[in-house]
file data.pdb (PDB, C-alpha atoms)
ATOM      1  CA  MET A  52    -145.797  66.207 -60.497
ATOM      2  CA  ASN A  53    -148.465  63.592 -61.219
ATOM      3  CA  ASP A  54    -150.049  64.028 -57.794
ATOM      4  CA  VAL A  55    -150.086  67.811 -58.115
ATOM      5  CA  PHE A  56    -151.547  67.574 -61.555
ATOM      6  CA  GLU A  57    -154.308  65.150 -60.556
ATOM      7  CA  LYS A  58    -155.146  67.199 -57.449
ATOM      8  CA  LEU A  59    -155.445  70.399 -59.407
ATOM      9  CA  LEU A  60    -157.465  68.797 -62.167
ATOM     10  CA  ALA A  61    -159.966  67.391 -59.667
ATOM     11  CA  ARG A  62    -160.219  70.635 -57.707
ATOM     12  CA  PRO A  63    -163.796  71.988 -57.863
ATOM     13  CA  LEU A  64    -164.390  75.155 -59.845
ATOM     14  CA  GLU A  65    -164.175  78.309 -57.789
ATOM     15  CA  ASP A  66    -167.440  79.419 -56.166
ATOM     16  CA  ILE A  67    -169.158  82.250 -57.976
ATOM     17  CA  ALA A  68    -171.277  84.532 -55.790
ATOM     18  CA  ASP A  69    -174.897  84.729 -56.889
ATOM     19  CA  ASN A  70    -175.062  88.557 -56.769
ATOM     20  CA  GLY A  71    -178.597  88.684 -58.136
ATOM     21  CA  PHE A  72    -178.000  86.190 -60.932
ATOM     22  CA  SER A  73    -180.742  83.773 -59.771
ATOM     23  CA  ALA A  74    -183.178  86.639 -59.212
ATOM     24  CA  GLY A  75    -182.432  87.828 -62.758
ATOM     25  CA  VAL A  76    -183.208  84.381 -64.151
ATOM     26  CA  VAL A  77    -186.495  84.232 -62.227
ATOM     27  CA  ARG A  78    -187.413  87.731 -63.484
ATOM     28  CA  ARG A  79    -186.762  86.680 -67.079
ATOM     29  CA  ILE A  80    -188.832  83.526 -66.622
ATOM     30  CA  THR A  81    -191.744  85.560 -65.225
ATOM     31  CA  ALA A  82    -191.499  88.044 -68.107
ATOM     32  CA  ALA A  83    -191.371  85.222 -70.660
ATOM     33  CA  ARG A  84    -194.431  83.583 -69.075
ATOM     34  CA  ARG A  85    -196.364  86.853 -69.163
ATOM     35  CA  GLN A  86    -195.407  87.341 -72.796
ATOM     36  CA  GLU A  87    -196.521  83.794 -73.637
ATOM     37  CA  GLY A  88    -199.822  84.456 -71.830
ATOM     38  CA  TRP A  89    -200.495  87.602 -73.867
ATOM     39  CA  LEU A  90    -199.573  85.775 -77.035
ATOM     40  CA  THR A  91    -202.033  82.968 -76.232
ATOM     41  CA  TYR A  92    -204.863  85.440 -75.485
ATOM     42  CA  GLY A  93    -204.004  87.365 -78.644
ATOM     43  CA  VAL A  94    -204.170  84.251 -80.799
ATOM     44  CA  ILE A  95    -207.477  83.201 -79.217
ATOM     45  CA  ALA A  96    -208.923  86.691 -79.741
ATOM     46  CA  LEU A  97    -207.780  86.762 -83.364
ATOM     47  CA  ALA A  98    -209.186  83.303 -83.977
ATOM     48  CA  GLY A  99    -212.501  84.323 -82.411
ATOM     49  CA  LEU A 100    -212.818  87.558 -84.387
ATOM     50  CA  PRO A 101    -214.329  85.989 -87.566
ATOM     51  CA  LEU A 102    -216.988  84.344 -85.370
ATOM     52  CA  LEU A 103    -218.313  87.785 -84.403
ATOM     53  CA  PHE A 104    -219.223  88.422 -88.033
ATOM     54  CA  ALA A 105    -220.946  85.058 -88.329
ATOM     55  CA  VAL A 106    -223.251  85.627 -85.315
ATOM     56  CA  PRO A 107    -226.846  86.640 -86.364
ATOM     57  CA  TRP A 108    -227.032  89.647 -83.995
ATOM     58  CA  PRO A 109    -230.640  90.851 -84.783
ATOM     59  CA  GLU A 110    -232.116  87.356 -84.307
ATOM     60  CA  LEU A 111    -230.066  86.819 -81.157
ATOM     61  CA  SER A 112    -231.066  90.116 -79.536
ATOM     62  CA  ALA A 113    -234.746  89.490 -80.409
ATOM     63  CA  ALA A 114    -234.575  86.066 -78.772
ATOM     64  CA  VAL A 115    -232.943  87.512 -75.639
ATOM     65  CA  ALA A 116    -235.608  90.238 -75.423
ATOM     66  CA  ARG A 117    -238.393  87.628 -75.752
ATOM     67  CA  LEU A 118    -236.843  85.530 -73.021
ATOM     68  CA  LEU A 119    -236.489  88.469 -70.630
ATOM     69  CA  THR A 120    -240.074  89.580 -71.211
ATOM     70  CA  SER A 121    -241.448  86.104 -70.576
ATOM     71  CA  LEU A 122    -239.339  85.794 -67.426
ATOM     72  CA  ALA A 123    -240.530  89.144 -66.091
ATOM     73  CA  SER A 124    -244.179  88.209 -66.641
ATOM     74  CA  ALA A 125    -243.885  84.756 -65.062
ATOM     75  CA  GLU A 126    -245.276  84.675 -61.498
ATOM     76  CA  HIS A 127    -242.913  82.071 -60.068
ATOM     77  CA  VAL A 128    -239.834  83.951 -61.373
ATOM     78  CA  ALA A 129    -241.131  87.173 -59.842
ATOM     79  CA  ALA A 130    -241.698  85.363 -56.520
ATOM     80  CA  ALA A 131    -238.175  83.914 -56.582
ATOM     81  CA  ALA A 132    -236.702  87.356 -57.312
ATOM     82  CA  ALA A 133    -238.682  88.850 -54.413
ATOM     83  CA  VAL A 134    -237.438  86.141 -52.022
ATOM     84  CA  LEU A 135    -233.856  86.780 -53.141
ATOM     85  CA  ALA A 136    -234.211  90.538 -52.683
ATOM     86  CA  LEU A 137    -235.715  90.073 -49.218
ATOM     87  CA  THR A 138    -232.943  87.646 -48.209
ATOM     88  CA  PHE A 139    -230.206  90.074 -49.261
ATOM     89  CA  SER A 140    -231.886  93.006 -47.487
ATOM     90  CA  PHE A 141    -232.329  90.930 -44.304
ATOM     91  CA  GLU A 142    -228.672  89.800 -44.421
ATOM     92  CA  LYS A 143    -227.518  93.386 -44.903
ATOM     93  CA  LEU A 144    -229.591  94.485 -41.910
ATOM     94  CA  ILE A 145    -228.036  91.781 -39.709
ATOM     95  CA  HIS A 146    -224.520  92.845 -40.784
ATOM     96  CA  GLU A 147    -225.265  96.500 -40.025
ATOM     97  CA  HIS A 148    -226.469  95.743 -36.495
TER
ATOM     98  CA  MET B 268    -185.327  69.409 -49.903
ATOM     99  CA  SER B 269    -183.930  66.791 -52.289
ATOM    100  CA  GLU B 270    -183.111  67.634 -55.873
ATOM    101  CA  GLU B 271    -185.490  64.929 -57.075
ATOM    102  CA  TYR B 272    -188.343  66.589 -55.157
ATOM    103  CA  LEU B 273    -187.407  70.038 -56.472
ATOM    104  CA  THR B 274    -187.248  68.891 -60.098
ATOM    105  CA  ARG B 275    -190.609  67.140 -59.736
ATOM    106  CA  ARG B 276    -192.200  70.243 -58.208
ATOM    107  CA  ALA B 277    -190.599  72.472 -60.860
ATOM    108  CA  ALA B 278    -191.930  70.180 -63.615
ATOM    109  CA  GLU B 279    -195.393  70.647 -62.101
ATOM    110  CA  GLY B 280    -195.002  74.410 -62.475
ATOM    111  CA  ASP B 281    -193.746  75.376 -59.004
ATOM    112  CA  ALA B 282    -191.722  78.538 -59.674
ATOM    113  CA  SER B 283    -190.080  78.594 -56.238
ATOM    114  CA  ALA B 284    -188.802  75.016 -56.716
ATOM    115  CA  PHE B 285    -187.219  76.020 -60.010
ATOM    116  CA  ALA B 286    -185.723  79.126 -58.375
ATOM    117  CA  ALA B 287    -184.156  76.850 -55.726
ATOM    118  CA  LEU B 288    -182.642  74.704 -58.490
ATOM    119  CA  VAL B 289    -181.216  77.823 -60.156
ATOM    120  CA  ARG B 290    -179.672  78.967 -56.862
ATOM    121  CA  SER B 291    -178.077  75.594 -56.187
ATOM    122  CA  HIS B 292    -176.615  75.142 -59.699
ATOM    123  CA  GLN B 293    -175.740  78.685 -60.756
ATOM    124  CA  SER B 294    -172.179  78.737 -59.430
ATOM    125  CA  ARG B 295    -171.057  75.492 -61.063
ATOM    126  CA  LEU B 296    -172.867  76.158 -64.327
ATOM    127  CA  ARG B 297    -171.434  79.670 -64.611
ATOM    128  CA  GLY B 298    -167.999  78.299 -63.730
ATOM    129  CA  PHE B 299    -168.277  75.676 -66.458
ATOM    130  CA  LEU B 300    -169.334  78.272 -69.019
ATOM    131  CA  ARG B 301    -166.611  80.697 -67.936
ATOM    132  CA  ARG B 302    -164.087  77.996 -68.586
ATOM    133  CA  MET B 303    -165.685  77.201 -71.936
ATOM    134  CA  THR B 304    -165.662  80.859 -72.994
ATOM    135  CA  ARG B 305    -162.041  81.186 -71.788
ATOM    136  CA  GLY B 306    -162.908  83.617 -69.015
ATOM    137  CA  ASP B 307    -165.451  85.827 -70.782
ATOM    138  CA  CYS B 308    -167.676  86.344 -67.717
ATOM    139  CA  ALA B 309    -170.364  88.419 -69.440
ATOM    140  CA  LEU B 310    -170.812  85.924 -72.254
ATOM    141  CA  ALA B 311    -170.712  82.997 -69.817
ATOM    142  CA  ASP B 312    -173.433  84.578 -67.658
ATOM    143  CA  ASP B 313    -175.598  85.286 -70.712
ATOM    144  CA  LEU B 314    -175.257  81.661 -71.759
ATOM    145  CA  ALA B 315    -176.030  80.502 -68.220
ATOM    146  CA  GLN B 316    -179.226  82.603 -68.193
ATOM    147  CA  GLU B 317    -180.261  81.179 -71.561
ATOM    148  CA  THR B 318    -179.518  77.695 -70.270
ATOM    149  CA  PHE B 319    -181.785  78.139 -67.253
ATOM    150  CA  LEU B 320    -184.553  79.659 -69.399
ATOM    151  CA  GLU B 321    -184.410  76.708 -71.774
ATOM    152  CA  ALA B 322    -184.306  74.303 -68.830
ATOM    153  CA  HIS B 323    -187.436  75.964 -67.457
ATOM    154  CA  ARG B 324    -189.226  75.582 -70.789
ATOM    155  CA  LYS B 325    -188.258  71.918 -71.035
ATOM    156  CA  ILE B 326    -188.408  70.841 -67.408
ATOM    157  CA  ALA B 327    -191.753  69.103 -67.885
ATOM    158  CA  ALA B 328    -189.980  66.779 -70.327
ATOM    159  CA  TYR B 329    -187.195  65.977 -67.839
ATOM    160  CA  ARG B 330    -187.922  62.486 -66.605
ATOM    161  CA  GLY B 331    -185.062  62.148 -64.136
ATOM    162  CA  GLY B 332    -183.316  59.407 -66.135
ATOM    163  CA  GLY B 333    -179.882  60.893 -65.446
ATOM    164  CA  SER B 334    -178.769  63.572 -63.026
ATOM    165  CA  PHE B 335    -180.362  67.011 -63.259
ATOM    166  CA  ALA B 336    -176.863  68.522 -63.468
ATOM    167  CA  GLY B 337    -176.010  66.339 -66.473
ATOM    168  CA  TRP B 338    -179.232  67.393 -68.183
ATOM    169  CA  LEU B 339    -178.457  71.057 -67.437
ATOM    170  CA  TYR B 340    -174.900  70.801 -68.800
ATOM    171  CA  ALA B 341    -176.258  69.215 -71.986
ATOM    172  CA  ILE B 342    -178.358  72.338 -72.543
ATOM    173  CA  ALA B 343    -175.426  74.588 -71.613
ATOM    174  CA  TRP B 344    -173.107  72.756 -74.013
ATOM    175  CA  SER B 345    -175.540  73.049 -76.919
ATOM    176  CA  ARG B 346    -176.033  76.756 -76.117
ATOM    177  CA  TYR B 347    -172.267  77.220 -76.045
ATOM    178  CA  LEU B 348    -171.865  75.414 -79.401
ATOM    179  CA  MET B 349    -174.532  77.591 -81.035
ATOM    180  CA  GLU B 350    -172.895  80.746 -79.703
ATOM    181  CA  ALA B 351    -169.404  79.570 -80.680
ATOM    182  CA  ARG B 352    -170.562  78.911 -84.231
ATOM    183  CA  ARG B 353    -172.436  82.199 -84.408
ATOM    184  CA  ARG B 354    -169.537  84.245 -83.097
ATOM    185  CA  LYS B 355    -166.881  82.021 -84.645
ATOM    186  CA  LEU B 356    -165.287  81.890 -81.176
ATOM    187  CA  GLU B 357    -162.843  79.075 -81.858
ATOM    188  CA  PRO B 358    -162.739  75.937 -83.986
ATOM    189  CA  LEU B 359    -164.168  73.036 -81.989
ATOM    190  CA  GLU B 360    -161.304  70.623 -82.579
ATOM    191  CA  GLU B 361    -158.424  73.068 -82.604
ATOM    192  CA  ASP B 362    -156.002  73.625 -79.753
ATOM    193  CA  ASP B 363    -152.918  75.747 -79.114
ATOM    194  CA  VAL B 364    -150.422  73.655 -77.216
ATOM    195  CA  SER B 365    -147.210  74.567 -78.990
ATOM    196  CA  THR B 366    -145.514  76.418 -76.117
ATOM    197  CA  PRO B 367    -145.487  75.308 -72.456
ATOM    198  CA  LEU B 368    -146.476  77.725 -69.700
ATOM    199  CA  PRO B 369    -143.891  79.082 -67.256
ATOM    200  CA  SER B 370    -143.643  77.543 -63.797
ATOM    201  CA  PRO B 371    -146.122  78.984 -61.261
ATOM    202  CA  GLU B 372    -144.971  80.561 -57.999
ATOM    203  CA  SER B 373    -147.977  79.927 -55.740
ATOM    204  CA  THR B 374    -151.167  77.898 -55.493
ATOM    205  CA  SER B 375    -153.291  80.704 -56.862
ATOM    206  CA  ALA B 376    -150.824  81.165 -59.700
ATOM    207  CA  LEU B 377    -151.049  77.439 -60.235
ATOM    208  CA  ARG B 378    -154.819  77.635 -60.531
ATOM    209  CA  LEU B 379    -154.472  80.565 -62.903
ATOM    210  CA  ASP B 380    -152.036  78.558 -64.968
ATOM    211  CA  LEU B 381    -154.428  75.646 -65.097
ATOM    212  CA  GLU B 382    -157.058  78.018 -66.468
ATOM    213  CA  LYS B 383    -154.574  79.313 -69.036
ATOM    214  CA  ALA B 384    -153.602  75.786 -69.997
ATOM    215  CA  MET B 385    -157.269  74.724 -70.175
ATOM    216  CA  ALA B 386    -157.932  77.655 -72.501
ATOM    217  CA  ARG B 387    -155.423  76.194 -74.931
ATOM    218  CA  LEU B 388    -157.229  72.879 -75.254
ATOM    219  CA  SER B 389    -159.935  72.299 -77.806
ATOM    220  CA  PRO B 390    -163.430  73.097 -76.471
ATOM    221  CA  ARG B 391    -164.441  69.427 -76.448
ATOM    222  CA  GLU B 392    -161.374  68.428 -74.426
ATOM    223  CA  ARG B 393    -161.896  71.350 -72.055
ATOM    224  CA  ALA B 394    -165.549  70.444 -71.575
ATOM    225  CA  ALA B 395    -164.788  66.734 -71.105
ATOM    226  CA  LEU B 396    -162.086  67.388 -68.489
ATOM    227  CA  THR B 397    -164.173  69.964 -66.619
ATOM    228  CA  LEU B 398    -167.290  67.804 -66.499
ATOM    229  CA  CYS B 399    -165.435  64.645 -65.451
ATOM    230  CA  PHE B 400    -163.021  66.163 -62.915
ATOM    231  CA  ALA B 401    -164.033  69.568 -61.561
ATOM    232  CA  LEU B 402    -167.776  68.880 -61.777
ATOM    233  CA  GLU B 403    -167.524  65.184 -60.928
ATOM    234  CA  LEU B 404    -169.956  63.890 -63.521
ATOM    235  CA  THR B 405    -169.634  60.222 -64.400
ATOM    236  CA  HIS B 406    -168.294  59.377 -67.846
ATOM    237  CA  GLU B 407    -171.804  58.317 -68.858
ATOM    238  CA  GLU B 408    -173.320  61.629 -67.710
ATOM    239  CA  ALA B 409    -170.588  63.672 -69.374
ATOM    240  CA  ALA B 410    -170.976  61.733 -72.639
ATOM    241  CA  VAL B 411    -174.732  62.406 -72.604
ATOM    242  CA  ALA B 412    -174.126  66.095 -71.808
ATOM    243  CA  LEU B 413    -171.718  66.474 -74.727
ATOM    244  CA  ALA B 414    -173.858  64.274 -76.987
ATOM    245  CA  ILE B 415    -170.959  61.984 -77.893
ATOM    246  CA  PRO B 416    -170.334  58.244 -77.453
ATOM    247  CA  ILE B 417    -168.617  57.270 -74.219
ATOM    248  CA  GLY B 418    -165.520  56.019 -76.094
ATOM    249  CA  THR B 419    -165.115  59.430 -77.745
ATOM    250  CA  LEU B 420    -165.491  61.127 -74.371
ATOM    251  CA  LYS B 421    -162.776  58.939 -72.857
ATOM    252  CA  SER B 422    -160.411  59.747 -75.701
ATOM    253  CA  HIS B 423    -161.109  63.498 -75.269
ATOM    254  CA  VAL B 424    -160.351  63.108 -71.559
ATOM    255  CA  SER B 425    -157.091  61.244 -72.041
ATOM    256  CA  ARG B 426    -155.916  63.490 -74.889
ATOM    257  CA  GLY B 427    -156.787  66.585 -72.881
ATOM    258  CA  ARG B 428    -154.907  65.287 -69.847
ATOM    259  CA  GLU B 429    -151.806  64.596 -71.873
ATOM    260  CA  LYS B 430    -151.888  68.027 -73.465
ATOM    261  CA  LEU B 431    -152.321  69.682 -70.062
ATOM    262  CA  ARG B 432    -149.428  67.682 -68.673
ATOM    263  CA  GLY B 433    -147.264  68.823 -71.568
ATOM    264  CA  LEU B 434    -148.255  72.450 -71.069
ATOM    265  CA  LEU B 435    -147.563  72.379 -67.357
ATOM    266  CA  TYR B 436    -144.452  70.190 -67.327
ATOM    267  CA  SER B 437    -142.368  72.825 -65.589
ATOM    268  CA  TRP B 438    -144.468  72.728 -62.425
ATOM    269  CA  LYS B 439    -142.864  72.088 -59.093
ATOM    270  CA  ALA B 440    -144.671  69.828 -56.647
ATOM    271  CA  GLU B 441    -143.962  72.198 -53.761
ATOM    272  CA  ALA B 442    -145.980  74.933 -55.402
ATOM    273  CA  VAL B 443    -149.120  73.242 -54.076
ATOM    274  CA  SER B 444    -149.574  73.585 -50.344
TER
END
call {"tool": "encode", "arguments": {"input": "data.pdb", "output": "structure tokens"}}
result
Amino acid sequence: MNDVFEKLLARPLEDIADNGFSAGVVRRITAARRQEGWLTYGVIALAGLPLLFAVPWPELSAAVARLLTSLASAEHVAAAAAVLALTFSFEKLIHEH
Amino acid sequence: MSEEYLTRRAAEGDASAFAALVRSHQSRLRGFLRRMTRGDCALADDLAQETFLEAHRKIAAYRGGGSFAGWLYAIAWSRYLMEARRRKLEPLEEDDVSTPLPSPESTSALRLDLEKAMARLSPRERAALTLCFALELTHEEAAVALAIPIGTLKSHVSRGREKLRGLLYSWKAEAVS
């Protein structure tokens, strides 16, 4: 009796076939991660929203316009842009042939 | 691949390493929880899923001090306790050992009877016996998993064994092949 009892007690639990269980767990983990990601972006967006009202938009856009105008009228910037444009066109030509 | 490697990779965010850990532990964990829920497969599988999800959330904190299985069963046990309290499944210290079970006629009947007898033990005794015998955790690992001192674990084990013996006293040795 003792032997039988000890043997049975120490017998491993019966194997349970996976049958999609592990895949289900992985799916739930992926879904939870995605949800956490959205939550993080949402919190960041909400936290950043008040900043939009604090930005001095007219002054900022005027400064950007001034910068662009000065860049367009600068000779060395124009030369650099021309070199870039020529390089891209030349590269495109090589690819086509 | 070794379990140590898999847990390290999983802690670093490798999803396929964690999936491999789930595959290698799912059968034993679900078996443990089925025994704890007295054969309620749906509830046991829900608890097993929750256990793995919690393990995934906390795996970065797992430092490999004890076995991964022991750490997993600790989560499973706490999940089971929460669910048992929520559903008022059964009092944690209460058992039902008043009447012995009839003698089994075959090995499979014997196994079934063991499950029936196990179901009559208190949850702590059932968990202690399952972790120490069927799942082969050391006493130290089982005590950590159940969050109890090792002396308490040993007394749960010996009390549970005696109760099981009493329940199954009518067994015949020849019933086991």
call {"tool": "resolve_selection", "arguments": {"input": "data.pdb", "expression": "the ChimeraX specification (/A :<9) & /B", "output": "count of residues only"}}
result
41
call {"tool": "atom_distance", "arguments": {"input": "data.pdb", "atom1": "atom CA of B:Gly306", "atom2": "atom CA of B:His406"}}
result
24.9 Å
call {"tool": "atom_distance", "arguments": {"input": "data.pdb", "atom1": "atom CA of A:Thr120", "atom2": "atom CA of A:Leu137"}}
result
22.4 Å
call {"tool": "atom_distance", "arguments": {"input": "data.pdb", "atom1": "atom CA of B:Asp307", "atom2": "atom CA of B:Arg346"}}
result
14.9 Å
call {"tool": "resolve_selection", "arguments": {"input": "data.pdb", "expression": "the PyMOL selection byres ((chain B and resi 420-423) around 10)", "output": "NGL selection string"}}
result
:B and (389-396 or 399 or 406-407 or 409-411 or 413-419 or 424-429)
